[in-house]
Amino acid sequence: MAFVTGGARGFGNAIAVAFSREGARGVAVIDINPQALTEGKKIVESFGTKCLAIEVDVTKEEDVERAVAEAVKDFGRIDYAASVHPSSSKYDQNRKLMGMTSQGISQHPLLSNPHIRHFTEDFRKGMVVNSTGVFLSTKHELRQMMKQDFIEVEEGRVPQRGAIFNSASVNSQMAIVGSMPYTASKYAVLGTTKAAALEARDYSIRVNAIFPGFLLTDLLKPIVGAVNGLPQEVWAGCEARQGRAAKFEEVWHVAVLITSPRMSLVNGVNLFVDGGFTINEA
Ligand SMILES: NC(=O)c1ccc[n+]([C@@H]2O[C@H](COP(=O)([O-])OP(=O)(O)OC[C@H]3O[C@@H](n4cnc5c(N)ncnc54)[C@H](O)[C@@H]3O)[C@@H](O)[C@H]2O)c1
């Protein structure tokens with residue numbers, strides 16, 4: 001069975017669907033957004049797979065522990081786990097809570113430099129959702145996987161107890177101007193992944209990361225081209241450097257593949273699903 005945090009929409013839901021299409025007997029979608037959970041669960045179930053929707057804030061350890069316990073109660077174990085939640089929605093909420101708009105902030109003369117324009121609170125939120133959320137998910141997924149039995153996958157292949165992947169980013173390797181909170185949090189995702197990979201391998205568990213490429217998901221739609229958001233031409237430049245826009249299925253196939261026992265010696269990597277973005281110096 002597969003356990004997907006941030007699984008209610010976007011890449012996370014596409015990946016939950018992919019596990020379903022590839023024959024998982026169950027999928028648990030874990031998300032903070034109850035409306036999106038209802039929708040996301042329906043989509044997974046439309047492929048004939050049992051789906052458990054669990055409302056969780058991945059920044060809260062007790063929530064993550066509860067989600068793992070509920071999934072194990074229903075399905076007996078967790079074979080595949082994916083952390084696919086981001087932090088940006090929290091930034092926006094935070095700005096609203098502080099009663100300030102992005103536009104208002106950029107107009108302040110002291111804050112015209114994007115390096116210092118970020119709210120310190122944005123940085124903290126980025127770290128707590130992206131980094132702490134991935135740490136907590138990885139920690140409790142691993143604790144569960146370490147105590148479950150091996151699965152014999154095929155003759156001659158090392159038996160597998162489980163496999164995890166975390167959603168990293170191109171910003172786990174490189175930065176762009178104005179991305180300080182996101183970049184810092186995505187470097188932390190890769191650090192967590194690498195350290196966990198070394199701890200997990202003695203238990204026949206692998207932990208990897210993927211960079212899912214550039215795709216205009218619901219997360220990015222309100223940001224790309226918005227006032228003080230990501231300028232449209234920057235986004236177009238990213239897609240051009242990638243070769244073209246990514247498609248959901250191109251990401252989900254890789255996501256399922258990296259957890260497959262056929263990838264038994266692949267551990268602790270950040271696999272770039274980016275059409276060559278990161279090697280393209282042009
Ligand atoms: N879209 C892209 O081009 C792109 C590029 C690089 C990396 N990524 C990464 O891919 C991942 C998914 O992005 P997406 O574009 O599909 O985002 P999305 O916003 O469409 O979906 C993310 C889901 O995570 C949930 N979530 C947010 N905070 C949460 C919390 N505290 N607890 C539980 N769930 C929470 C949201 O409710 C949402 O359903 C992210 O890690 C993002 O950084 C996306």
# chains A, B, ... in the order shown; residues from 1 in each chain; ligands from 1
call {"tool": "closest_atom_pairs", "arguments": {"of": "chain A", "to": "ligand 1", "cutoff": "6 Å", "atoms": "only C-alpha atoms and all ligand atoms", "output": "JSON lines"}}
result
{"residue": "A:Gly6", "atom": "CA", "partner": "ligand 1", "partner_atom_place_in_ligand_line": "24 (O)", "distance": 3.4}
{"residue": "A:Ala8", "atom": "CA", "partner": "ligand 1", "partner_atom_place_in_ligand_line": "39 (O)", "distance": 4.5}
{"residue": "A:Arg9", "atom": "CA", "partner": "ligand 1", "partner_atom_place_in_ligand_line": "39 (O)", "distance": 4.4}
{"residue": "A:Gly10", "atom": "CA", "partner": "ligand 1", "partner_atom_place_in_ligand_line": "16 (O)", "distance": 3.4}
{"residue": "A:Phe11", "atom": "CA", "partner": "ligand 1", "partner_atom_place_in_ligand_line": "16 (O)", "distance": 3.7}
{"residue": "A:Gly12", "atom": "CA", "partner": "ligand 1", "partner_atom_place_in_ligand_line": "16 (O)", "distance": 5.7}
{"residue": "A:Asp31", "atom": "CA", "partner": "ligand 1", "partner_atom_place_in_ligand_line": "34 (N)", "distance": 3.7}
{"residue": "A:Ile32", "atom": "CA", "partner": "ligand 1", "partner_atom_place_in_ligand_line": "33 (C)", "distance": 4.1}
{"residue": "A:Asn33", "atom": "CA", "partner": "ligand 1", "partner_atom_place_in_ligand_line": "37 (O)", "distance": 4.6}
{"residue": "A:Val56", "atom": "CA", "partner": "ligand 1", "partner_atom_place_in_ligand_line": "33 (C)", "distance": 5.5}
{"residue": "A:Asp57", "atom": "CA", "partner": "ligand 1", "partner_atom_place_in_ligand_line": "32 (N)", "distance": 3.6}
{"residue": "A:Val58", "atom": "CA", "partner": "ligand 1", "partner_atom_place_in_ligand_line": "32 (N)", "distance": 4.0}
{"residue": "A:Thr59", "atom": "CA", "partner": "ligand 1", "partner_atom_place_in_ligand_line": "31 (N)", "distance": 5.5}
{"residue": "A:Val84", "atom": "CA", "partner": "ligand 1", "partner_atom_place_in_ligand_line": "11 (C)", "distance": 4.6}
{"residue": "A:His85", "atom": "CA", "partner": "ligand 1", "partner_atom_place_in_ligand_line": "24 (O)", "distance": 3.7}
{"residue": "A:Pro86", "atom": "CA", "partner": "ligand 1", "partner_atom_place_in_ligand_line": "40 (C)", "distance": 4.1}
{"residue": "A:Ser87", "atom": "CA", "partner": "ligand 1", "partner_atom_place_in_ligand_line": "28 (N)", "distance": 5.6}
{"residue": "A:Val129", "atom": "CA", "partner": "ligand 1", "partner_atom_place_in_ligand_line": "31 (N)", "distance": 5.3}
{"residue": "A:Ser167", "atom": "CA", "partner": "ligand 1", "partner_atom_place_in_ligand_line": "41 (O)", "distance": 4.7}
{"residue": "A:Ser169", "atom": "CA", "partner": "ligand 1", "partner_atom_place_in_ligand_line": "7 (C)", "distance": 4.5}
{"residue": "A:Phe211", "atom": "CA", "partner": "ligand 1", "partner_atom_place_in_ligand_line": "7 (C)", "distance": 5.8}
{"residue": "A:Pro212", "atom": "CA", "partner": "ligand 1", "partner_atom_place_in_ligand_line": "6 (C)", "distance": 5.4}
{"residue": "A:Gly213", "atom": "CA", "partner": "ligand 1", "partner_atom_place_in_ligand_line": "5 (C)", "distance": 5.1}
{"residue": "A:Phe214", "atom": "CA", "partner": "ligand 1", "partner_atom_place_in_ligand_line": "3 (O)", "distance": 3.5}
{"residue": "A:Leu215", "atom": "CA", "partner": "ligand 1", "partner_atom_place_in_ligand_line": "3 (O)", "distance": 3.9}
{"residue": "A:Leu216", "atom": "CA", "partner": "ligand 1", "partner_atom_place_in_ligand_line": "1 (N)", "distance": 5.5}
{"residue": "A:Thr217", "atom": "CA", "partner": "ligand 1", "partner_atom_place_in_ligand_line": "15 (O)", "distance": 4.7}
{"residue": "A:Asp218", "atom": "CA", "partner": "ligand 1", "partner_atom_place_in_ligand_line": "20 (O)", "distance": 4.6}
{"residue": "A:Leu219", "atom": "CA", "partner": "ligand 1", "partner_atom_place_in_ligand_line": "19 (O)", "distance": 3.8}
call {"tool": "closest_atom_pairs", "arguments": {"of": "range 123-174 of chain A", "to": "range 272-281 of chain A", "cutoff": "12 Å", "atoms": "only C-alpha atoms", "output": "Markdown table"}}
result
| residue | atom | partner | partner_atom | distance |
| --- | --- | --- | --- | --- |
| A:Ser167 | CA | A:Phe272 | CA | 10.6 |
| A:Ala168 | CA | A:Phe272 | CA | 9.1 |
| A:Ser169 | CA | A:Phe272 | CA | 8.1 |
| A:Val170 | CA | A:Thr278 | CA | 7.3 |
| A:Asn171 | CA | A:Thr278 | CA | 10.2 |
| A:Ser172 | CA | A:Phe272 | CA | 10.3 |
| A:Gln173 | CA | A:Thr278 | CA | 8.8 |
| A:Met174 | CA | A:Thr278 | CA | 8.7 |
call {"tool": "write_last_selection", "arguments": {"atoms": "N, CA and C atoms", "output": "PDB file, in the first residue's frame"}}
result
ATOM      1  N   SER A 167       9.571  14.855  -2.110  1.00  0.00           N
ATOM      2  CA  SER A 167       9.563  15.805  -3.213  1.00  0.00           C
ATOM      3  C   SER A 167      10.601  16.887  -2.952  1.00  0.00           C
ATOM      4  N   ALA A 168      11.682  16.836  -3.725  1.00  0.00           N
ATOM      5  CA  ALA A 168      12.720  17.861  -3.626  1.00  0.00           C
ATOM      6  C   ALA A 168      12.451  18.904  -4.698  1.00  0.00           C
ATOM      7  N   SER A 169      13.492  19.487  -5.210  1.00  0.00           N
ATOM      8  CA  SER A 169      13.304  20.546  -6.198  1.00  0.00           C
ATOM      9  C   SER A 169      14.620  20.788  -6.907  1.00  0.00           C
ATOM     10  N   VAL A 170      14.530  21.532  -8.007  1.00  0.00           N
ATOM     11  CA  VAL A 170      15.756  22.042  -8.600  1.00  0.00           C
ATOM     12  C   VAL A 170      16.440  22.932  -7.562  1.00  0.00           C
ATOM     13  N   ASN A 171      15.616  23.521  -6.674  1.00  0.00           N
ATOM     14  CA  ASN A 171      16.155  24.366  -5.599  1.00  0.00           C
ATOM     15  C   ASN A 171      16.775  23.558  -4.463  1.00  0.00           C
ATOM     16  N   SER A 172      16.877  22.239  -4.627  1.00  0.00           N
ATOM     17  CA  SER A 172      17.678  21.439  -3.699  1.00  0.00           C
ATOM     18  C   SER A 172      19.126  21.423  -4.171  1.00  0.00           C
ATOM     19  N   GLN A 173      19.374  21.989  -5.360  1.00  0.00           N
ATOM     20  CA  GLN A 173      20.734  22.012  -5.909  1.00  0.00           C
ATOM     21  C   GLN A 173      21.167  23.409  -6.328  1.00  0.00           C
ATOM     22  N   MET A 174      20.203  24.242  -6.722  1.00  0.00           N
ATOM     23  CA  MET A 174      20.565  25.583  -7.190  1.00  0.00           C
ATOM     24  C   MET A 174      19.512  26.587  -6.717  1.00  0.00           C
TER      25      MET A 174
END
call {"tool": "residues_around", "arguments": {"residues": "Phe165 in chain A", "least_positions_apart": "5", "cutoff": "9 Å", "atoms": "only C-alpha atoms", "output": "PyMOL selection string"}}
result
chain A and resi 80-84+138+193+206-210+255+258-259
call {"tool": "write_last_selection", "arguments": {"atoms": "C-alpha atoms", "output": "JSON list (two decimals), in the first residue's frame"}}
result
[["chain", "number", "residue", "atom", "x", "y", "z"],
["A", 80, "TYR", "CA", 5.61, 2.93, -0.36],
["A", 81, "ALA", "CA", 5.60, 6.43, 1.10],
["A", 82, "ALA", "CA", 5.84, 9.80, -0.64],
["A", 83, "SER", "CA", 6.07, 13.30, 0.85],
["A", 84, "VAL", "CA", 4.71, 15.71, -1.75],
["A", 138, "THR", "CA", 10.19, 10.25, 6.87],
["A", 193, "THR", "CA", 16.67, 12.21, 2.48],
["A", 206, "ARG", "CA", 15.48, 2.97, 0.45],
["A", 207, "VAL", "CA", 14.91, 6.72, 0.72],
["A", 208, "ASN", "CA", 15.23, 8.94, -2.35],
["A", 209, "ALA", "CA", 14.08, 12.33, -3.61],
["A", 210, "ILE", "CA", 12.80, 13.50, -6.97],
["A", 255, "ALA", "CA", 7.76, 8.37, -8.75],
["A", 258, "ILE", "CA", 11.95, 4.92, -7.92],
["A", 259, "THR", "CA", 10.09, 3.01, -5.19]]
call {"tool": "closest_residue", "arguments": {"among": "A:Leu190, A:Leu198, A:Ile223, A:Ile205", "to": "Asn270 in chain A", "atoms": "only C-alpha atoms"}}
result
A:Leu190
